[in-house]
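Student: The structure follows.
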Amino acid sequence: MRLPRLAALAACALLAVTACSSPDGGAEADIADPAVVKLGETVVAFSLSPDTSADNPAERRQPGYLVLVRSDGGTRLIETSGMTESHIAWSETGLFFSDDTRDYILGKDGLVSFENKKAGHQQSAFALPGDKGFVSVYNEGFSESGYTNQVAVSTSTGSQLYRVEGNYFMNALCGDVLNGIATDAGAHSAASADIPGMRSKVDPSAQPELLSQLYPATGGKEKILAWRGVFDAGDHNRHVPCHDGVITFLSDYTDADGKPRTTVVSWNTGNGEYTEQPLVDAEGRPITEKLVAPETFSQKTYDAKAVREGHLEWLAADGRIMSTGIASGVTVPRFGTGFTSDSDSSSQASFTDRSITLIQERFDGETPVKIKRFDRATGNLITEITVPGIAERFGIRFNLRGMAVPPTS
């Protein structure tokens with residue numbers, strides 16, 4: 001999981017069409033006018049989510065922003081009412097993003113938005129194939145029935161929202177079907193008790209993982225597909241790959257006997273069966289012995305496009321791009337990026353067929369956000385962008401959350 005951070009700077013009030021100067025008198029921020037903003041020459045987009053810590057509670061929450069970055073590091077920002085954890089999807093139509101009251105699509109011809117009041121914590125966002133719109137998942141929290149999420153379907157003409165039972169931390173788009181993997185199954189949990197292997201011998205109250213179809217809705221509800229007997233799972237990458245109906249992801253969990261496992265999983269959405277392989281290095285040793293420090297494994301990052309030629313590629317906390325054989329579990333380093341994730345910094349990775357784009361922020365309120373794009377086949381650095389220090393310029397407390405790049409990047 002990415003580590004949150006606070007920018008320890010004094011906040012200034014921001015309006016949708018105005019700007020404020022940085023504390024040191026730097027250049028004014030380019031806050032875009034929603035009436036005229038266009039996608040333009042944006043090469044990377046990322047979101048800034050207001051922090052909701054004890055000294056920055058939700059009732060005094062700052063607005064959120066979508067940040068549009070040009071190749072020269074120039075930025076435009078679109079102000080929103082905010083989302084605790086926001087995610088972006090980019091299709092040929094344009095960029096989809098949202099806040100707790102509206103959904104937005106930004107294209108070459110401008111910005112359109114629709115009212116869609118929903119939970120203020122986003123799980124994921126995907127572009128549906130064939131430019132059929134976008135589907136996204138939001139965490140509504142505990143309910144009378146158990147635990148509910150919300151699914152939104154957004155097109156250029158409007159948005160629809162419905163509830164699903166369970167907390168679907170991980171999501172995968174398989175063709176035009178959205179599937180979710182829940183570690184809290186809500187009201188469905190009781191049904192799993194009758195299935196062999198779905199209760200922990202160490203903690204009988206621990207829940208197994210649930211795989212469900214979230215979109216299209218079946219009779220207005222989620223469709224239960226399968227269960228997986230894992231517990232205390234830490235595999236919460238929001239967007240995971242799916243090919244030919246098989247979801248692939250890295251999984252860090254304890255088994256029914258309480259033993260730790262670190263594996264690569266292939267979960268078939270058609271028949272519900274799954275296979276997994278332990279993650280090992282080239283010498284056959286568990287990766288946590290020599291290759292990856294066990295305490296940093298949870299800081300890995302990858303996305304729905306991370307599978308290539310039978311391997312799942314991912315960014316490790318130490319800045320190396322790793323490649324894991326899905327059939328074997330054998331994991332080897334491919335190349336270093338210099339972008340790390342630790343107590344002082346956080347990095348994210350976005351994959352396309354041609355490239356891997358990384359973004360890094362440091363938690364000092366001064367260092368500029370940096371972006372690197374690598375050729376995916378060779379590992380060669382293609383471009384590097386320095387973005388002026390967002391925290392320094394605006395003096396707000398925020399987290400750098402979702403990022404997206406053009407599909408053809």
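Each chain in the structure tokens gets a letter, A, B and so on, in the order shown; residues start at 1 in every chain, and ligands are counted from 1 in the order they appear.
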Would you please extract all alpha helix (DSSP H) residues from region 176-270 of chain A, as assigned by DSSP on the backbone, and give them as number ranges by chain?
Tutor: A: 189-192
Student: Can you tell me, as a short mmCIF file (atom, residue, chain, number, x, y, z; two decimals) with N, CA and C atoms, in the first residue's frame, what residues are no more than 10 Å from Val265 (chain A) when counting only C-alpha atoms, ignoring any on the same chain fewer than 4 positions away?
Tutor:
data_model
loop_
_atom_site.label_atom_id
_atom_site.label_comp_id
_atom_site.auth_asym_id
_atom_site.auth_seq_id
_atom_site.Cartn_x
_atom_site.Cartn_y
_atom_site.Cartn_z
N VAL A 246 -9.10 -14.46 -17.35
CA VAL A 246 -8.29 -14.89 -16.21
C VAL A 246 -7.63 -13.66 -15.57
N ILE A 247 -7.92 -13.45 -14.30
CA ILE A 247 -7.34 -12.32 -13.56
C ILE A 247 -6.00 -12.75 -12.97
N THR A 248 -4.99 -11.88 -13.10
CA THR A 248 -3.65 -12.18 -12.59
C THR A 248 -3.23 -11.09 -11.62
N PHE A 249 -2.69 -11.49 -10.47
CA PHE A 249 -2.24 -10.51 -9.49
C PHE A 249 -1.25 -11.14 -8.52
N LEU A 250 -0.49 -10.30 -7.84
CA LEU A 250 0.43 -10.73 -6.79
C LEU A 250 -0.34 -10.77 -5.47
N SER A 251 -0.06 -11.79 -4.67
CA SER A 251 -0.87 -12.00 -3.46
C SER A 251 0.03 -12.28 -2.26
N TYR A 274 -8.69 -21.32 -9.52
CA TYR A 274 -7.48 -20.50 -9.52
C TYR A 274 -6.25 -21.37 -9.32
N THR A 275 -5.14 -20.87 -9.82
CA THR A 275 -3.83 -21.48 -9.58
C THR A 275 -2.92 -20.39 -9.06
N GLU A 276 -1.91 -20.79 -8.33
CA GLU A 276 -0.94 -19.81 -7.86
C GLU A 276 0.43 -20.45 -7.74
N GLN A 277 1.43 -19.63 -7.91
CA GLN A 277 2.81 -20.07 -7.80
C GLN A 277 3.54 -19.20 -6.78
N PRO A 278 4.33 -19.82 -5.88
CA PRO A 278 5.13 -19.01 -4.96
C PRO A 278 6.10 -18.13 -5.72
N ILE A 326 4.23 -15.88 -14.80
CA ILE A 326 2.93 -16.23 -14.23
C ILE A 326 2.81 -17.73 -14.00
N ALA A 327 3.36 -18.53 -14.91
CA ALA A 327 3.27 -19.98 -14.79
C ALA A 327 4.27 -20.55 -13.79
N GLY A 329 6.26 -18.39 -11.31
CA GLY A 329 6.52 -17.59 -10.12
C GLY A 329 7.93 -17.03 -10.05
#
Student: Using only C-alpha atoms, which of the listed residues (A:Asn237, A:Ser346, A:Thr262, A:Ser323) sits closest to Glu309 (chain A)?
Tutor: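 Of A:Asn237, A:Ser346, A:Thr262, A:Ser323, the one nearest Glu309 (chain A) is A:Ser323, counting only C-alpha atoms.
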Student: Could you produce a table of the residues of region 210-291 of chain A lying within 12 Å of region 134-139 of chain A, with the nearest pair of atoms per residue and their separation in Å rounded to one decimal, using only C-alpha atoms, ordered by chain and increasing residue number, as a tab-separated table?
Tutor:
residue	atom	partner	partner_atom	distance
A:Leu214	CA	A:Val137	CA	9.0
A:Tyr215	CA	A:Val135	CA	8.0
A:Pro216	CA	A:Val135	CA	9.7
A:Ala217	CA	A:Val135	CA	11.7
A:Arg238	CA	A:Val137	CA	10.0
A:His239	CA	A:Ser136	CA	10.8
Student: Leaving out region 252-261 of chain A and any residue of its chain fewer than 5 positions from it, which residues lie within 9 Å of it when counting only C-alpha atoms, given as an MDAnalysis selection string?
Tutor: chainID A and resid 197:203 229:235 278:279 297:298
Student: Print the selection's residues with C-alpha atoms to a file, as a short mmCIF file (atom, residue, chain, number, x, y, z; two decimals), in the first residue's frame.
Tutor:
data_model
loop_
_atom_site.label_atom_id
_atom_site.label_comp_id
_atom_site.auth_asym_id
_atom_site.auth_seq_id
_atom_site.Cartn_x
_atom_site.Cartn_y
_atom_site.Cartn_z
CA GLY A 197 -11.22 -24.51 3.31
CA MET A 198 -12.89 -21.11 3.63
CA ARG A 199 -12.25 -20.63 7.33
CA SER A 200 -8.92 -19.93 9.01
CA LYS A 201 -7.82 -22.46 11.65
CA VAL A 202 -6.00 -19.63 13.44
CA ASP A 203 -8.76 -17.04 13.33
CA GLY A 229 -9.28 -19.45 1.04
CA VAL A 230 -6.77 -16.73 1.91
CA PHE A 231 -6.72 -14.50 4.97
CA ASP A 232 -5.17 -11.21 6.10
CA ALA A 233 -4.47 -10.43 2.46
CA GLY A 234 -2.31 -7.41 1.71
CA ASP A 235 -2.73 -7.59 -2.09
CA PRO A 278 5.13 -19.01 -4.96
CA LEU A 279 7.28 -16.03 -5.85
CA PHE A 297 6.69 -5.89 -0.63
CA SER A 298 3.32 -4.25 0.04
#
Student: Enter the distance from CA of Ser47 (chain A) to CA of His87 (chain A), in Å, rounded to one decimal.
Tutor: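 Atom-to-atom, CA of Ser47 (chain A) and CA of His87 (chain A) are spaced 7.2 Å apart.
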Student: Any chance you could tabulate, as a Markdown table, the residues of region 55-163 of chain A at most 9 Å from region 400-406 of chain A with each one's nearest atom pair and distance in Å to one decimal, using only C-alpha atoms, in chain and rising number order?
Tutor:
| residue | atom | partner | partner_atom | distance |
| --- | --- | --- | --- | --- |
| A:Glu85 | CA | A:Arg401 | CA | 6.4 |
| A:Ser86 | CA | A:Gly402 | CA | 5.8 |
| A:His87 | CA | A:Gly402 | CA | 4.3 |
| A:Ile88 | CA | A:Gly402 | CA | 5.8 |
| A:Ala89 | CA | A:Ala404 | CA | 6.4 |
| A:Trp90 | CA | A:Pro406 | CA | 6.2 |
| A:Ser91 | CA | A:Pro406 | CA | 7.2 |
| A:Glu92 | CA | A:Pro406 | CA | 8.0 |
| A:Gly94 | CA | A:Pro406 | CA | 8.6 |
| A:Leu95 | CA | A:Ala404 | CA | 8.4 |
| A:Ser124 | CA | A:Gly402 | CA | 9.0 |
Student: Can you write just those residues out, N, CA and C atoms, as a compact mmCIF listing (two decimals), in the first residue's frame?
Tutor:
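What follows is the written file out-v9.txt:
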# COMPACT_ATOMS: atom_id res chain seq x y z
N GLU A 85 -9.64 8.89 -2.04
CA GLU A 85 -8.66 8.23 -2.90
C GLU A 85 -9.24 8.22 -4.31
N SER A 86 -8.70 9.05 -5.17
CA SER A 86 -9.27 9.21 -6.50
C SER A 86 -8.46 8.45 -7.54
N HIS A 87 -9.16 7.99 -8.59
CA HIS A 87 -8.52 7.28 -9.69
C HIS A 87 -9.01 7.82 -11.02
N ILE A 88 -8.20 7.65 -12.05
CA ILE A 88 -8.46 8.23 -13.37
C ILE A 88 -8.43 7.12 -14.40
N ALA A 89 -9.27 7.23 -15.43
CA ALA A 89 -9.22 6.32 -16.57
C ALA A 89 -9.09 7.14 -17.84
N TRP A 90 -8.27 6.66 -18.79
CA TRP A 90 -7.99 7.41 -20.03
C TRP A 90 -8.31 6.50 -21.20
N SER A 91 -9.21 6.95 -22.06
CA SER A 91 -9.56 6.21 -23.27
C SER A 91 -9.36 7.12 -24.48
N GLU A 92 -9.69 6.64 -25.67
CA GLU A 92 -9.59 7.47 -26.85
C GLU A 92 -10.54 8.66 -26.77
N GLY A 94 -11.18 10.35 -23.93
CA GLY A 94 -10.58 11.33 -23.05
C GLY A 94 -10.39 10.79 -21.65
N LEU A 95 -10.30 11.70 -20.68
CA LEU A 95 -10.04 11.36 -19.29
C LEU A 95 -11.33 11.34 -18.49
N SER A 124 -11.55 2.25 -7.85
CA SER A 124 -10.96 2.03 -9.16
C SER A 124 -11.73 2.77 -10.23
Student: What gap, in Å, lies between CA of Ala191 (chain A) and CA of Glu222 (chain A)?
Tutor: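 A separation of 14.9 Å between them.
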Student: Residues near Thr75 (chain A), anyone? I mean within 9 Å using only C-alpha atoms, not counting same-chain ones fewer than 4 positions away, as an MDAnalysis selection string.
Tutor: chainID A and resid 29:31 42 67:70 387:388
Student: Here is a test: counting only C-alpha atoms, which residue of A:Asn380, A:Thr84, A:Thr331, A:Asn179 is nearest to Gly272 (chain A)?
Tutor: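 The answer is A:Asn179, which sits nearest to Gly272 (chain A).
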